[in-house]
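Pasting structure38.pdb here (PDB, C-alpha atoms):
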ATOM      1  CA  MET A   1     -51.282  64.965 -36.389
ATOM      2  CA  ASP A   2     -49.496  63.892 -39.585
ATOM      3  CA  PHE A   3     -46.341  65.578 -38.302
ATOM      4  CA  PHE A   4     -46.266  63.390 -35.165
ATOM      5  CA  LYS A   5     -47.038  60.257 -37.173
ATOM      6  CA  THR A   6     -44.187  61.012 -39.588
ATOM      7  CA  PHE A   7     -41.830  61.936 -36.728
ATOM      8  CA  PHE A   8     -42.476  58.699 -34.799
ATOM      9  CA  SER A   9     -42.263  56.635 -37.982
ATOM     10  CA  ASN A  10     -38.882  58.155 -38.856
ATOM     11  CA  ALA A  11     -37.636  57.790 -35.271
ATOM     12  CA  LEU A  12     -38.705  54.131 -35.184
ATOM     13  CA  SER A  13     -37.040  53.401 -38.515
ATOM     14  CA  GLY A  14     -33.870  55.166 -37.322
ATOM     15  CA  VAL A  15     -33.812  53.027 -34.170
ATOM     16  CA  SER A  16     -34.317  49.809 -36.140
ATOM     17  CA  ASN A  17     -31.513  50.819 -38.534
ATOM     18  CA  LEU A  18     -29.220  51.517 -35.602
ATOM     19  CA  LEU A  19     -30.110  48.273 -33.816
ATOM     20  CA  VAL A  20     -29.348  46.091 -36.836
ATOM     21  CA  TYR A  21     -26.001  47.764 -37.542
ATOM     22  CA  ALA A  22     -25.102  47.827 -33.833
ATOM     23  CA  GLY A  23     -25.990  44.130 -33.554
ATOM     24  CA  ILE A  24     -23.674  43.174 -36.413
ATOM     25  CA  VAL A  25     -20.840  45.319 -35.015
ATOM     26  CA  ALA A  26     -21.402  43.906 -31.501
ATOM     27  CA  LEU A  27     -21.194  40.321 -32.815
ATOM     28  CA  PHE A  28     -18.005  41.137 -34.718
ATOM     29  CA  VAL A  29     -16.359  42.782 -31.700
ATOM     30  CA  ALA A  30     -17.482  39.958 -29.383
ATOM     31  CA  GLY A  31     -15.934  37.454 -31.793
ATOM     32  CA  MET A  32     -12.657  39.352 -31.893
ATOM     33  CA  VAL A  33     -12.485  39.629 -28.105
ATOM     34  CA  ARG A  34     -13.787  36.159 -27.170
ATOM     35  CA  CYS A  35     -12.454  34.035 -30.053
ATOM     36  CA  ILE A  36      -9.510  35.713 -31.776
ATOM     37  CA  ALA A  37      -7.659  37.550 -28.972
ATOM     38  CA  PRO A  38      -7.239  34.457 -26.714
ATOM     39  CA  VAL A  39      -5.788  32.416 -29.590
ATOM     40  CA  MET A  40      -3.413  35.250 -30.475
ATOM     41  CA  HIS A  41      -2.327  35.315 -26.819
ATOM     42  CA  THR A  42      -1.626  31.558 -26.706
ATOM     43  CA  ARG A  43       0.207  31.813 -30.036
ATOM     44  CA  GLY A  44       2.448  34.549 -28.570
ATOM     45  CA  THR A  45       3.073  32.448 -25.469
ATOM     46  CA  LEU A  46       4.083  29.460 -27.592
ATOM     47  CA  ARG A  47       6.388  31.566 -29.748
ATOM     48  CA  ARG A  48       8.156  32.945 -26.659
ATOM     49  CA  ALA A  49       8.509  29.415 -25.267
ATOM     50  CA  ILE A  50       9.962  28.118 -28.534
ATOM     51  CA  ARG A  51      12.462  31.006 -28.664
ATOM     52  CA  SER A  52      13.403  30.325 -25.053
ATOM     53  CA  ILE A  53      14.089  26.643 -25.759
ATOM     54  CA  ARG A  54      16.020  27.393 -28.949
ATOM     55  CA  SER A  55      18.226  30.026 -27.318
ATOM     56  CA  ALA A  56      18.786  27.814 -24.220
ATOM     57  CA  GLY A  57      21.708  29.456 -22.364
ATOM     58  CA  ASP A  58      20.743  30.329 -18.779
ATOM     59  CA  THR A  59      17.163  29.253 -19.420
ATOM     60  CA  LYS A  60      18.099  25.714 -20.472
ATOM     61  CA  TYR A  61      15.800  24.161 -17.872
ATOM     62  CA  ALA A  62      13.171  26.914 -17.849
ATOM     63  CA  TRP A  63      10.698  24.495 -19.424
ATOM     64  CA  GLN A  64      10.654  22.550 -16.127
ATOM     65  CA  LYS A  65       8.789  25.380 -14.379
ATOM     66  CA  ASP A  66       5.010  25.283 -14.066
ATOM     67  CA  ASP A  67       4.722  28.844 -15.386
ATOM     68  CA  PHE A  68       6.890  28.206 -18.471
ATOM     69  CA  LEU A  69       3.822  28.858 -20.649
ATOM     70  CA  GLY A  70       2.582  31.695 -18.446
ATOM     71  CA  LYS A  71      -0.232  31.848 -15.931
ATOM     72  CA  GLY A  72      -3.023  31.912 -18.511
ATOM     73  CA  THR A  73      -4.899  29.241 -20.425
ATOM     74  CA  LEU A  74      -1.948  26.902 -20.936
ATOM     75  CA  PHE A  75      -0.762  26.935 -17.305
ATOM     76  CA  SER A  76      -2.858  23.977 -16.119
ATOM     77  CA  HIS A  77      -2.040  21.885 -19.204
ATOM     78  CA  TRP A  78       1.704  22.498 -18.818
ATOM     79  CA  SER A  79       1.561  21.731 -15.089
ATOM     80  CA  GLU A  80      -0.250  18.480 -15.804
ATOM     81  CA  TYR A  81       2.367  17.579 -18.404
ATOM     82  CA  LEU A  82       5.198  18.243 -15.926
ATOM     83  CA  ASN A  83       3.433  16.241 -13.201
ATOM     84  CA  ASN A  84       3.290  13.262 -15.552
ATOM     85  CA  LEU A  85       7.001  13.594 -16.272
ATOM     86  CA  PHE A  86       8.030  13.896 -12.646
ATOM     87  CA  PHE A  87       8.377  10.601 -10.828
ATOM     88  CA  ALA A  88       9.159   9.700  -7.234
ATOM     89  CA  ASP A  89      12.904   9.610  -7.912
ATOM     90  CA  GLY A  90      12.884  13.381  -8.483
ATOM     91  CA  VAL A  91      13.990  13.138 -12.103
ATOM     92  CA  TYR A  92      12.118  14.227 -15.219
ATOM     93  CA  HIS A  93      11.461  11.346 -17.574
ATOM     94  CA  ASN A  94      10.087  11.375 -21.099
ATOM     95  CA  ALA A  95       7.116   9.181 -20.241
ATOM     96  CA  SER A  96       4.425  11.236 -21.934
ATOM     97  CA  ASN A  97       4.197  13.177 -25.147
ATOM     98  CA  VAL A  98       3.847  16.964 -24.844
ATOM     99  CA  GLU A  99       1.315  16.863 -27.703
ATOM    100  CA  ASP A 100      -1.100  15.062 -25.378
ATOM    101  CA  TYR A 101      -1.305  18.300 -23.350
ATOM    102  CA  ILE A 102      -0.342  21.148 -25.681
ATOM    103  CA  ASN A 103      -2.302  20.584 -28.874
ATOM    104  CA  GLU A 104      -4.868  22.216 -31.169
ATOM    105  CA  GLU A 105      -7.653  21.608 -28.665
ATOM    106  CA  THR A 106      -5.874  23.303 -25.744
ATOM    107  CA  VAL A 107      -4.172  26.059 -27.769
ATOM    108  CA  ILE A 108      -6.740  26.949 -30.471
ATOM    109  CA  TYR A 109     -10.207  25.434 -30.131
ATOM    110  CA  GLY A 110     -10.609  25.697 -26.352
ATOM    111  CA  PRO A 111      -9.367  29.274 -25.841
ATOM    112  CA  GLY A 112     -10.865  30.351 -29.181
ATOM    113  CA  ARG A 113     -14.335  29.056 -28.274
ATOM    114  CA  SER A 114     -14.578  27.373 -31.650
ATOM    115  CA  SER A 115     -18.326  26.666 -31.416
ATOM    116  CA  PHE A 116     -19.068  30.355 -30.872
ATOM    117  CA  ALA A 117     -16.578  31.337 -33.594
ATOM    118  CA  ASP A 118     -18.258  28.934 -36.035
ATOM    119  CA  ALA A 119     -21.704  30.386 -35.255
ATOM    120  CA  LEU A 120     -20.775  34.078 -35.577
ATOM    121  CA  PRO A 121     -20.545  34.371 -39.398
ATOM    122  CA  GLY A 122     -24.004  32.847 -39.771
ATOM    123  CA  LEU A 123     -25.393  35.124 -37.048
ATOM    124  CA  MET A 124     -24.006  38.243 -38.736
ATOM    125  CA  THR A 125     -25.411  37.182 -42.104
ATOM    126  CA  SER A 126     -28.783  36.383 -40.516
ATOM    127  CA  LEU A 127     -28.894  39.754 -38.790
ATOM    128  CA  GLY A 128     -28.153  41.445 -42.113
ATOM    129  CA  PHE A 129     -30.963  39.446 -43.712
ATOM    130  CA  LEU A 130     -33.280  40.458 -40.864
ATOM    131  CA  GLY A 131     -32.431  44.090 -41.667
ATOM    132  CA  THR A 132     -33.325  43.355 -45.294
ATOM    133  CA  LEU A 133     -36.726  42.034 -44.281
ATOM    134  CA  ILE A 134     -37.336  45.005 -41.958
ATOM    135  CA  GLY A 135     -36.389  47.449 -44.727
ATOM    136  CA  LEU A 136     -38.622  45.729 -47.269
ATOM    137  CA  ALA A 137     -41.529  45.553 -44.829
ATOM    138  CA  ARG A 138     -41.099  49.225 -43.973
ATOM    139  CA  GLY A 139     -40.865  50.230 -47.621
ATOM    140  CA  LEU A 140     -43.869  48.177 -48.695
ATOM    141  CA  SER A 141     -46.063  48.995 -45.676
ATOM    142  CA  GLY A 142     -47.229  52.334 -47.073
ATOM    143  CA  PHE A 143     -47.237  51.335 -50.729
ATOM    144  CA  SER A 144     -50.453  52.441 -52.413
ATOM    145  CA  MET A 145     -51.588  51.769 -55.988
ATOM    146  CA  GLY A 146     -54.651  54.076 -55.781
ATOM    147  CA  ASP A 147     -53.643  56.683 -58.359
ATOM    148  CA  SER A 148     -50.501  58.050 -59.957
ATOM    149  CA  ALA A 149     -49.900  60.574 -57.144
ATOM    150  CA  ALA A 150     -50.197  57.811 -54.521
ATOM    151  CA  VAL A 151     -47.803  55.617 -56.500
ATOM    152  CA  GLN A 152     -45.305  58.511 -56.728
ATOM    153  CA  GLN A 153     -45.511  59.062 -52.978
ATOM    154  CA  SER A 154     -45.191  55.308 -52.319
ATOM    155  CA  ILE A 155     -42.041  55.117 -54.398
ATOM    156  CA  VAL A 156     -40.538  57.956 -52.355
ATOM    157  CA  THR A 157     -41.248  55.884 -49.211
ATOM    158  CA  LEU A 158     -40.100  52.603 -50.770
ATOM    159  CA  ILE A 159     -36.624  53.711 -51.933
ATOM    160  CA  PRO A 160     -35.114  54.479 -48.473
ATOM    161  CA  GLY A 161     -36.498  51.184 -47.145
ATOM    162  CA  MET A 162     -34.940  49.291 -50.049
ATOM    163  CA  ARG A 163     -31.625  51.095 -49.521
ATOM    164  CA  PHE A 164     -31.608  50.076 -45.854
ATOM    165  CA  ALA A 165     -32.683  46.552 -46.790
ATOM    166  CA  PHE A 166     -29.785  45.901 -49.114
ATOM    167  CA  THR A 167     -27.207  47.833 -47.091
ATOM    168  CA  THR A 168     -27.793  45.703 -43.991
ATOM    169  CA  SER A 169     -27.364  42.505 -45.988
ATOM    170  CA  ILE A 170     -24.107  43.801 -47.438
ATOM    171  CA  PHE A 171     -22.943  44.909 -43.987
ATOM    172  CA  GLY A 172     -23.769  41.486 -42.487
ATOM    173  CA  VAL A 173     -22.045  39.566 -45.287
ATOM    174  CA  VAL A 174     -18.931  41.781 -45.149
ATOM    175  CA  GLY A 175     -18.730  41.315 -41.356
ATOM    176  CA  SER A 176     -19.167  37.563 -41.772
ATOM    177  CA  VAL A 177     -16.506  37.230 -44.476
ATOM    178  CA  LEU A 178     -14.050  39.481 -42.630
ATOM    179  CA  PHE A 179     -14.473  37.576 -39.363
ATOM    180  CA  THR A 180     -14.047  34.227 -41.153
ATOM    181  CA  LEU A 181     -10.851  35.409 -42.883
ATOM    182  CA  ILE A 182      -9.356  36.731 -39.639
ATOM    183  CA  THR A 183     -10.301  33.537 -37.786
ATOM    184  CA  ARG A 184      -8.764  31.297 -40.444
ATOM    185  CA  ALA A 185      -5.575  33.393 -40.567
ATOM    186  CA  VAL A 186      -5.083  33.445 -36.782
ATOM    187  CA  TYR A 187      -5.995  29.774 -36.291
ATOM    188  CA  GLY A 188      -3.740  28.748 -39.206
ATOM    189  CA  SER A 189      -0.813  30.801 -37.919
ATOM    190  CA  THR A 190      -1.259  29.341 -34.434
ATOM    191  CA  GLU A 191      -1.401  25.821 -35.822
ATOM    192  CA  HIS A 192       1.822  26.476 -37.730
ATOM    193  CA  THR A 193       3.460  27.739 -34.508
ATOM    194  CA  LEU A 194       2.208  24.675 -32.676
ATOM    195  CA  LYS A 195       3.776  22.337 -35.233
ATOM    196  CA  SER A 196       7.095  24.158 -35.531
ATOM    197  CA  PRO A 197       9.979  22.266 -33.861
ATOM    198  CA  ALA A 198      11.326  23.714 -30.618
ATOM    199  CA  CYS A 199      14.905  22.755 -31.376
TER     200      CYS A 199
END
Can you present the structure in this file as structure tokens?
Amino acid sequence: MDFFKTFFSNALSGVSNLLVYAGIVALFVAGMVRCIAPVMHTRGTLRRAIRSIRSAGDTKYAWQKDDFLGKGTLFSHWSEYLNNLFFADGVYHNASNVEDYINEETVIYGPGRSSFADALPGLMTSLGFLGTLIGLARGLSGFSMGDSAAVQQSIVTLIPGMRFAFTTSIFGVVGSVLFTLITRAVYGSTEHTLKSPAC
């Protein structure tokens, strides 16, 4: 009977360990896919557009096409900008500022789901802290102060729980810090691209 109790206890602790680590990794990957990758894509699109305008040549009027900034996130904003420039006389005028349509909100914060990106570091840290609490609860659940043999056995049970407890916190904090650094670097680089002159 003790064998089955120990087996199920170890299996349950293994599953909880795996769930906490998998949760932190899943949040990190979701942040990279949903928040970082779209901003990197818009940054690449802007860089290609800036190079196209600077090199001019045969593509001198390429900016007048609706798909100048691709068919992705920026397509509707660029089309709206061109529609505001185009008047009934069939000539493009400089009536509106491009920054009203292509700006930090449409290039970084909208595609990068900034609210979700802001929440992710706290979620990863919280999940790591939850792992700490689970590890401590698991380690202390069988702690007995009855006699010296019971204390020895309790310490053997406590140590792996404590190891898991602190490792999950470290894992959560490292994921949080790494995601924040990547987010700041990509958002900053995109903002710099956005502010660089086209000609």
Apply the PyMOL selection byres ((chain A and resi 128) around 8) to the displayed file and report the matching residues as a compact mmCIF listing (two decimals) with C-alpha atoms, keeping the file's coordinate frame.
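Wrote it out as result18.txt, contents follow:
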# COMPACT_ATOMS: atom_id res chain seq x y z
CA VAL A 20 -29.35 46.09 -36.84
CA ILE A 24 -23.67 43.17 -36.41
CA MET A 124 -24.01 38.24 -38.74
CA THR A 125 -25.41 37.18 -42.10
CA SER A 126 -28.78 36.38 -40.52
CA LEU A 127 -28.89 39.75 -38.79
CA PHE A 129 -30.96 39.45 -43.71
CA LEU A 130 -33.28 40.46 -40.86
CA GLY A 131 -32.43 44.09 -41.67
CA THR A 132 -33.33 43.36 -45.29
CA THR A 168 -27.79 45.70 -43.99
CA SER A 169 -27.36 42.50 -45.99
CA ILE A 170 -24.11 43.80 -47.44
CA PHE A 171 -22.94 44.91 -43.99
CA GLY A 172 -23.77 41.49 -42.49
CA VAL A 173 -22.04 39.57 -45.29
Exercise for review: Could you jot down the CA of Gly112 in chain A to CA of His41 in chain A separation for me, Å, one decimal place?
Suggested key: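 Pair CA of Gly112 in chain A / CA of His41 in chain A returns 10.2 Å.
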Point to revise | Minimum-distance residue to Lys195 in chain A, chosen among A:Ala62, A:Leu27, A:Leu82, A:Ile102 (using all atoms listed in the file) | key: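 Comparing A:Ala62, A:Leu27, A:Leu82, A:Ile102 against Lys195 in chain A, the winner is A:Ile102.
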Exercise for review: Counting only C-alpha atoms, figure out which residue out of A:Ser16, A:Lys65, A:Ala119, A:Val39 gets nearest to Arg138 in chain A.
Suggested key: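 Nearest to Arg138 in chain A: A:Ser16.
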Review point. Which residues match the PyMOL selection byres ((chain A and resi 107-109) around 10) in the file above, as a ChimeraX atom specification?
Key: /A:35-36,38-43,45-46,73-74,77,101-106,110-115,117,186-188,190-191,194
Review point. Which distance in Å separates CA of Trp78 in chain A and CA of Trp63 in chain A, to one decimal?
Key: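 CA of Trp63 in chain A lies at a distance of 9.2 Å from CA of Trp78 in chain A.
Going from CA of Leu136 in chain A over to CA of Pro121 in chain A, you cover 22.8 Å.
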Check your understanding: Of the residues A:Ser189, A:Asn83, A:Ile134, A:Ala165, which is the one nearest to Gly44 in chain A, using only C-alpha atoms?
Key -> A:Ser189
**Study point:** Nearest residue to Phe179 in chain A from the set A:Leu120, A:Val98, A:Ile53, A:Leu85 (distances using all atoms listed in the file)
**Key:** A:Leu120
Exercise for review: Return the single residue from A:Asp66, A:Ala30, A:Gly135, A:Phe166 that is closest to Asn17 in chain A, with distances computed using only C-alpha atoms.
Suggested key: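 Looking only at the distances to Asn17 in chain A, the closest residue turns out to be A:Gly135.
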